[in-house]
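Notes to accompany the following structure.
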Amino acid sequence: MEFLKKHASSVVLGMIVLSVVFFLGFNSGKQSVYNSADIVSTLENKTTSQPSAVDFGQFWKAWNILNDKYVATATSTKIIGDQEKVYGAIQGMVASLGDPYTVFFPPVESKAFASEVRGNFEGVGMEVVAKDGALVVIAPLKGSPAEKAGILPGDRIIKIDDKNAANLTTEGAVDLIR
């Protein structure tokens, strides 16, 4: 008690100094957090906003013309929805890079690809490729149902479930086979 009486003014002054330092530090830290949040927000906006030098006018003009004037023909009977058009546009943008290792998969294909990468293969166990207007077996996988059925490299797939396989893409054929 004697100590407090002798040094009361020093203790009060010390507490005031500690309080001021605490509040200055707190406010400085609070401002730092706001600045970090602003930086993150700015980075997020830059990655999601449209580049200012790009004119999307031609894209939207083509989009509108397709919506207004496209008529399905005998060879293209499938009506393409807006989401498929968006996926196609993204695939075209990625293909424009010219990098064979950079690809875009729509969600369904992405899921199938991820499954294959993990080793969860589905199907009959053969590699196929669309070549010269036909589906050609590259090779059956060892121990697979395709190998057990006698499928050999070079075999041509003519039909899949009564569907002509000549006009199918490799991905379309694999989907049907699965």
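Following the order of the structure tokens, chains are lettered A, B, ..., residues in each are numbered from 1, and ligands are numbered from 1.
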Which polymer residues have any atom within 7 Å of an atom of Leu135 in chain A, counting only C-alpha atoms, with same-chain residues fewer than 3 positions away left out, as a compact mmCIF listing (two decimals) with all heavy atoms, in the first residue's frame?
```
# COMPACT_ATOMS: atom_id res chain seq x y z
N VAL A 128 -10.75 -46.46 -77.38
CA VAL A 128 -11.27 -46.26 -78.73
C VAL A 128 -10.94 -44.85 -79.20
O VAL A 128 -10.70 -43.95 -78.40
CB VAL A 128 -12.81 -46.47 -78.80
CG1 VAL A 128 -13.17 -47.90 -78.49
CG2 VAL A 128 -13.55 -45.52 -77.91
N VAL A 129 -10.94 -44.68 -80.52
CA VAL A 129 -10.69 -43.37 -81.11
C VAL A 129 -11.56 -43.23 -82.36
O VAL A 129 -11.80 -44.22 -83.06
CB VAL A 129 -9.19 -43.16 -81.44
CG1 VAL A 129 -8.73 -44.10 -82.54
CG2 VAL A 129 -8.90 -41.72 -81.82
N ALA A 130 -12.06 -42.03 -82.60
CA ALA A 130 -12.80 -41.75 -83.83
C ALA A 130 -11.76 -41.48 -84.92
O ALA A 130 -10.93 -40.58 -84.79
CB ALA A 130 -13.71 -40.56 -83.64
N LYS A 131 -11.79 -42.31 -85.97
CA LYS A 131 -10.76 -42.20 -87.00
C LYS A 131 -11.39 -42.50 -88.36
O LYS A 131 -12.02 -43.54 -88.52
CB LYS A 131 -9.64 -43.21 -86.69
CG LYS A 131 -8.47 -43.18 -87.61
CD LYS A 131 -7.43 -44.17 -87.13
CE LYS A 131 -6.24 -44.20 -88.04
NZ LYS A 131 -5.27 -45.21 -87.60
N ARG A 156 -13.41 -52.34 -85.64
CA ARG A 156 -14.26 -51.17 -85.85
C ARG A 156 -15.59 -51.40 -85.15
O ARG A 156 -16.16 -52.48 -85.23
CB ARG A 156 -14.48 -50.92 -87.33
CG ARG A 156 -13.21 -50.51 -88.04
CD ARG A 156 -13.50 -50.21 -89.52
NE ARG A 156 -12.31 -49.80 -90.20
CZ ARG A 156 -11.88 -48.53 -90.29
NH1 ARG A 156 -12.59 -47.58 -89.74
NH2 ARG A 156 -10.79 -48.23 -90.92
N ILE A 157 -16.06 -50.36 -84.49
CA ILE A 157 -17.35 -50.43 -83.81
C ILE A 157 -18.38 -49.84 -84.76
O ILE A 157 -18.31 -48.67 -85.12
CB ILE A 157 -17.32 -49.67 -82.46
CG1 ILE A 157 -16.27 -50.29 -81.55
CG2 ILE A 157 -18.69 -49.66 -81.82
CD1 ILE A 157 -15.99 -49.52 -80.29
N ALA A 165 -22.60 -45.92 -85.07
CA ALA A 165 -21.45 -45.36 -84.38
C ALA A 165 -20.56 -44.54 -85.29
O ALA A 165 -19.62 -43.89 -84.82
CB ALA A 165 -20.64 -46.49 -83.74
N ALA A 166 -20.86 -44.53 -86.60
CA ALA A 166 -19.98 -43.84 -87.55
C ALA A 166 -19.89 -42.34 -87.29
O ALA A 166 -18.85 -41.74 -87.51
CB ALA A 166 -20.46 -44.11 -88.98
```
From range 75-166 of chain A, collect each residue whose DSSP state is strand (DSSP E or B) and return the set as a list in words.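 Those residues are Met126, Glu127, Val128, Val129, Ala130, Lys131, Ala134, Leu135, Val136, Val137, Ile138, Ala139, Pro140, Arg156, Ile157, Lys159, Ile160, Lys163 and Asn164 of chain A.
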Could those residues be written to a file, using all heavy atoms, as a CSV table (one decimal), in the first residue's frame?
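selection00.csv written:
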```csv
chain,number,residue,atom,x,y,z
A,126,MET,N,-11.8,-50.8,-72.9
A,126,MET,CA,-11.1,-50.7,-74.2
A,126,MET,C,-10.9,-49.2,-74.5
A,126,MET,O,-11.7,-48.4,-74.2
A,126,MET,CB,-11.8,-51.4,-75.3
A,126,MET,CG,-13.1,-50.8,-75.7
A,126,MET,SD,-13.8,-51.8,-77.0
A,126,MET,CE,-15.5,-51.1,-77.0
A,127,GLU,N,-9.8,-49.0,-75.2
A,127,GLU,CA,-9.5,-47.6,-75.7
A,127,GLU,C,-10.0,-47.5,-77.1
A,127,GLU,O,-9.7,-48.4,-77.9
A,127,GLU,CB,-8.0,-47.3,-75.6
A,127,GLU,CG,-7.4,-47.4,-74.2
A,127,GLU,CD,-5.9,-47.1,-74.3
A,127,GLU,OE1,-5.4,-46.1,-74.8
A,127,GLU,OE2,-5.2,-48.0,-73.8
A,128,VAL,N,-10.7,-46.5,-77.4
A,128,VAL,CA,-11.3,-46.3,-78.7
A,128,VAL,C,-10.9,-44.8,-79.2
A,128,VAL,O,-10.7,-44.0,-78.4
A,128,VAL,CB,-12.8,-46.5,-78.8
A,128,VAL,CG1,-13.2,-47.9,-78.5
A,128,VAL,CG2,-13.5,-45.5,-77.9
A,129,VAL,N,-10.9,-44.7,-80.5
A,129,VAL,CA,-10.7,-43.4,-81.1
A,129,VAL,C,-11.6,-43.2,-82.4
A,129,VAL,O,-11.8,-44.2,-83.1
A,129,VAL,CB,-9.2,-43.2,-81.4
A,129,VAL,CG1,-8.7,-44.1,-82.5
A,129,VAL,CG2,-8.9,-41.7,-81.8
A,130,ALA,N,-12.1,-42.0,-82.6
A,130,ALA,CA,-12.8,-41.8,-83.8
A,130,ALA,C,-11.8,-41.5,-84.9
A,130,ALA,O,-10.9,-40.6,-84.8
A,130,ALA,CB,-13.7,-40.6,-83.6
A,131,LYS,N,-11.8,-42.3,-86.0
A,131,LYS,CA,-10.8,-42.2,-87.0
A,131,LYS,C,-11.4,-42.5,-88.4
A,131,LYS,O,-12.0,-43.5,-88.5
A,131,LYS,CB,-9.6,-43.2,-86.7
A,131,LYS,CG,-8.5,-43.2,-87.6
A,131,LYS,CD,-7.4,-44.2,-87.1
A,131,LYS,CE,-6.2,-44.2,-88.0
A,131,LYS,NZ,-5.3,-45.2,-87.6
A,134,ALA,N,-15.1,-43.6,-88.4
A,134,ALA,CA,-15.4,-44.8,-87.7
A,134,ALA,C,-14.8,-44.8,-86.3
A,134,ALA,O,-13.8,-44.1,-86.1
A,134,ALA,CB,-14.9,-46.0,-88.5
A,135,LEU,N,-15.4,-45.6,-85.5
A,135,LEU,CA,-14.8,-45.8,-84.1
A,135,LEU,C,-13.9,-47.0,-84.2
A,135,LEU,O,-14.3,-48.1,-84.6
A,135,LEU,CB,-15.9,-46.0,-83.1
A,135,LEU,CG,-16.6,-44.8,-82.7
A,135,LEU,CD1,-17.8,-45.1,-81.8
A,135,LEU,CD2,-15.7,-43.8,-81.9
A,136,VAL,N,-12.6,-46.8,-83.9
A,136,VAL,CA,-11.7,-47.9,-84.0
A,136,VAL,C,-11.1,-48.2,-82.6
A,136,VAL,O,-10.8,-47.3,-81.8
A,136,VAL,CB,-10.5,-47.5,-84.9
A,136,VAL,CG1,-9.5,-48.6,-85.0
A,136,VAL,CG2,-11.0,-47.1,-86.3
A,137,VAL,N,-11.0,-49.5,-82.3
A,137,VAL,CA,-10.4,-49.9,-81.0
A,137,VAL,C,-8.9,-49.8,-81.1
A,137,VAL,O,-8.3,-50.4,-82.0
A,137,VAL,CB,-10.8,-51.4,-80.7
A,137,VAL,CG1,-10.2,-51.9,-79.4
A,137,VAL,CG2,-12.4,-51.5,-80.6
A,138,ILE,N,-8.4,-49.1,-80.1
A,138,ILE,CA,-6.9,-49.0,-80.0
A,138,ILE,C,-6.4,-50.3,-79.4
A,138,ILE,O,-5.5,-50.9,-79.9
A,138,ILE,CB,-6.5,-47.7,-79.3
A,138,ILE,CG1,-6.9,-46.5,-80.0
A,138,ILE,CG2,-5.0,-47.7,-79.0
A,138,ILE,CD1,-6.7,-45.2,-79.3
A,139,ALA,N,-7.0,-50.6,-78.2
A,139,ALA,CA,-6.6,-51.8,-77.5
A,139,ALA,C,-7.6,-52.1,-76.4
A,139,ALA,O,-8.0,-51.2,-75.7
A,139,ALA,CB,-5.2,-51.6,-76.9
A,140,PRO,N,-7.8,-53.4,-76.2
A,140,PRO,CA,-8.6,-53.7,-75.0
A,140,PRO,C,-7.7,-53.7,-73.8
A,140,PRO,O,-6.5,-54.0,-73.9
A,140,PRO,CB,-9.1,-55.1,-75.3
A,140,PRO,CG,-8.1,-55.7,-76.2
A,140,PRO,CD,-7.6,-54.5,-77.0
A,156,ARG,N,-13.4,-52.3,-85.6
A,156,ARG,CA,-14.3,-51.2,-85.9
A,156,ARG,C,-15.6,-51.4,-85.1
A,156,ARG,O,-16.2,-52.5,-85.2
A,156,ARG,CB,-14.5,-50.9,-87.3
A,156,ARG,CG,-13.2,-50.5,-88.0
A,156,ARG,CD,-13.5,-50.2,-89.5
A,156,ARG,NE,-12.3,-49.8,-90.2
A,156,ARG,CZ,-11.9,-48.5,-90.3
A,156,ARG,NH1,-12.6,-47.6,-89.7
A,156,ARG,NH2,-10.8,-48.2,-90.9
A,157,ILE,N,-16.1,-50.4,-84.5
A,157,ILE,CA,-17.4,-50.4,-83.8
A,157,ILE,C,-18.4,-49.8,-84.8
A,157,ILE,O,-18.3,-48.7,-85.1
A,157,ILE,CB,-17.3,-49.7,-82.5
A,157,ILE,CG1,-16.3,-50.3,-81.6
A,157,ILE,CG2,-18.7,-49.7,-81.8
A,157,ILE,CD1,-16.0,-49.5,-80.3
A,159,LYS,N,-22.1,-50.3,-84.4
A,159,LYS,CA,-23.3,-49.9,-83.7
A,159,LYS,C,-23.1,-50.0,-82.2
A,159,LYS,O,-22.4,-50.9,-81.8
A,159,LYS,CB,-24.5,-50.7,-84.1
A,159,LYS,CG,-25.0,-50.4,-85.5
A,159,LYS,CD,-26.3,-51.1,-85.7
A,159,LYS,CE,-26.9,-50.7,-87.1
A,159,LYS,NZ,-28.2,-51.3,-87.3
A,160,ILE,N,-23.7,-49.1,-81.5
A,160,ILE,CA,-23.8,-49.2,-80.0
A,160,ILE,C,-25.3,-49.1,-79.7
A,160,ILE,O,-25.9,-48.0,-79.9
A,160,ILE,CB,-23.0,-48.1,-79.4
A,160,ILE,CG1,-21.5,-48.1,-79.8
A,160,ILE,CG2,-23.1,-48.2,-77.8
A,160,ILE,CD1,-20.7,-46.9,-79.4
A,163,LYS,N,-27.5,-47.9,-82.3
A,163,LYS,CA,-27.2,-46.5,-82.8
A,163,LYS,C,-26.0,-46.6,-83.7
A,163,LYS,O,-24.9,-47.2,-83.3
A,163,LYS,CB,-27.0,-45.6,-81.6
A,163,LYS,CG,-26.8,-44.2,-82.1
A,163,LYS,CD,-26.8,-43.2,-80.9
A,163,LYS,CE,-26.7,-41.8,-81.5
A,163,LYS,NZ,-26.9,-40.8,-80.6
A,164,ASN,N,-26.1,-46.0,-84.9
A,164,ASN,CA,-24.9,-46.0,-85.8
A,164,ASN,C,-23.8,-45.3,-85.2
A,164,ASN,O,-23.9,-44.1,-84.7
A,164,ASN,CB,-25.3,-45.3,-87.1
A,164,ASN,CG,-24.3,-45.4,-88.2
A,164,ASN,OD1,-23.2,-45.9,-87.9
A,164,ASN,ND2,-24.6,-44.9,-89.3
```
For CA of Leu176 in chain A and CA of Asp99 in chain A, quote the distance in Å rounded to one decimal.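 These two atoms are separated by 28.5 Å.
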Using DSSP on the backbone, list every residue of range 44-145 of chain A that comes out as helix (DSSP H, G or I), and give them as a VMD selection string. chain A and resid 44 to 48 57 to 69 82 to 95 107 to 118 145
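The spacing separating CA of Gly172 in chain A from CA of Val108 in chain A amounts to 12.4 Å.
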Can you measure CA of Pro106 in chain A to CA of Trp63 in chain A for me? One decimal in Å is fine.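 A separation of 19.0 Å between them.
Near Phe104 in chain A, within 12 Å and counting only C-alpha atoms, sit Val86, Tyr87, Gly88, Ala89, Ile90, Gln91, Gly92, Met93, Val94, Ala95, Ser96, Leu97, Asp99, Glu109, Ser110, Lys111 and Phe113 of chain A, not including residues fewer than 5 positions from it in the same chain.
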May I have the residues from that selection written out with N, CA, C and O atoms, as a compact mmCIF listing (two decimals), in the first residue's frame?
```
# COMPACT_ATOMS: atom_id res chain seq x y z
N VAL A 86 -22.67 -21.73 -73.64
CA VAL A 86 -21.64 -21.13 -72.78
C VAL A 86 -20.44 -22.07 -72.66
O VAL A 86 -19.30 -21.65 -72.80
N TYR A 87 -20.71 -23.37 -72.44
CA TYR A 87 -19.62 -24.34 -72.36
C TYR A 87 -18.83 -24.38 -73.67
O TYR A 87 -17.61 -24.45 -73.67
N GLY A 88 -19.56 -24.32 -74.79
CA GLY A 88 -18.89 -24.31 -76.10
C GLY A 88 -18.01 -23.08 -76.27
O GLY A 88 -16.91 -23.16 -76.81
N ALA A 89 -18.51 -21.93 -75.82
CA ALA A 89 -17.72 -20.70 -75.91
C ALA A 89 -16.46 -20.80 -75.06
O ALA A 89 -15.37 -20.40 -75.50
N ILE A 90 -16.59 -21.36 -73.88
CA ILE A 90 -15.42 -21.52 -73.01
C ILE A 90 -14.44 -22.50 -73.65
O ILE A 90 -13.22 -22.26 -73.66
N GLN A 91 -14.95 -23.60 -74.22
CA GLN A 91 -14.06 -24.56 -74.89
C GLN A 91 -13.33 -23.90 -76.05
O GLN A 91 -12.13 -24.14 -76.25
N GLY A 92 -14.04 -23.08 -76.82
CA GLY A 92 -13.40 -22.37 -77.92
C GLY A 92 -12.33 -21.40 -77.44
O GLY A 92 -11.27 -21.29 -78.04
N MET A 93 -12.62 -20.70 -76.34
CA MET A 93 -11.65 -19.77 -75.78
C MET A 93 -10.39 -20.51 -75.34
O MET A 93 -9.27 -20.08 -75.63
N VAL A 94 -10.59 -21.64 -74.67
CA VAL A 94 -9.44 -22.42 -74.21
C VAL A 94 -8.67 -22.99 -75.41
O VAL A 94 -7.43 -22.96 -75.44
N ALA A 95 -9.40 -23.47 -76.43
CA ALA A 95 -8.74 -24.02 -77.62
C ALA A 95 -7.93 -22.95 -78.35
O ALA A 95 -6.91 -23.26 -78.97
N SER A 96 -8.36 -21.69 -78.26
CA SER A 96 -7.65 -20.62 -78.95
C SER A 96 -6.24 -20.42 -78.40
O SER A 96 -5.40 -19.82 -79.07
N LEU A 97 -5.97 -20.95 -77.22
CA LEU A 97 -4.62 -20.85 -76.66
C LEU A 97 -3.63 -21.73 -77.40
O LEU A 97 -2.43 -21.50 -77.34
N ASP A 99 -2.80 -24.73 -76.70
CA ASP A 99 -2.05 -25.56 -75.76
C ASP A 99 -2.78 -26.89 -75.58
O ASP A 99 -3.89 -26.91 -75.04
N GLU A 109 -18.55 -33.97 -67.92
CA GLU A 109 -17.28 -34.51 -68.42
C GLU A 109 -16.19 -34.36 -67.38
O GLU A 109 -15.32 -35.23 -67.27
N SER A 110 -16.19 -33.27 -66.63
CA SER A 110 -15.20 -33.06 -65.59
C SER A 110 -15.30 -34.15 -64.53
O SER A 110 -14.28 -34.68 -64.06
N LYS A 111 -16.52 -34.51 -64.17
CA LYS A 111 -16.74 -35.57 -63.18
C LYS A 111 -16.22 -36.90 -63.71
O LYS A 111 -15.54 -37.65 -62.99
N PHE A 113 -13.92 -37.35 -66.03
CA PHE A 113 -12.47 -37.27 -66.12
C PHE A 113 -11.84 -37.46 -64.74
O PHE A 113 -10.87 -38.20 -64.60
```
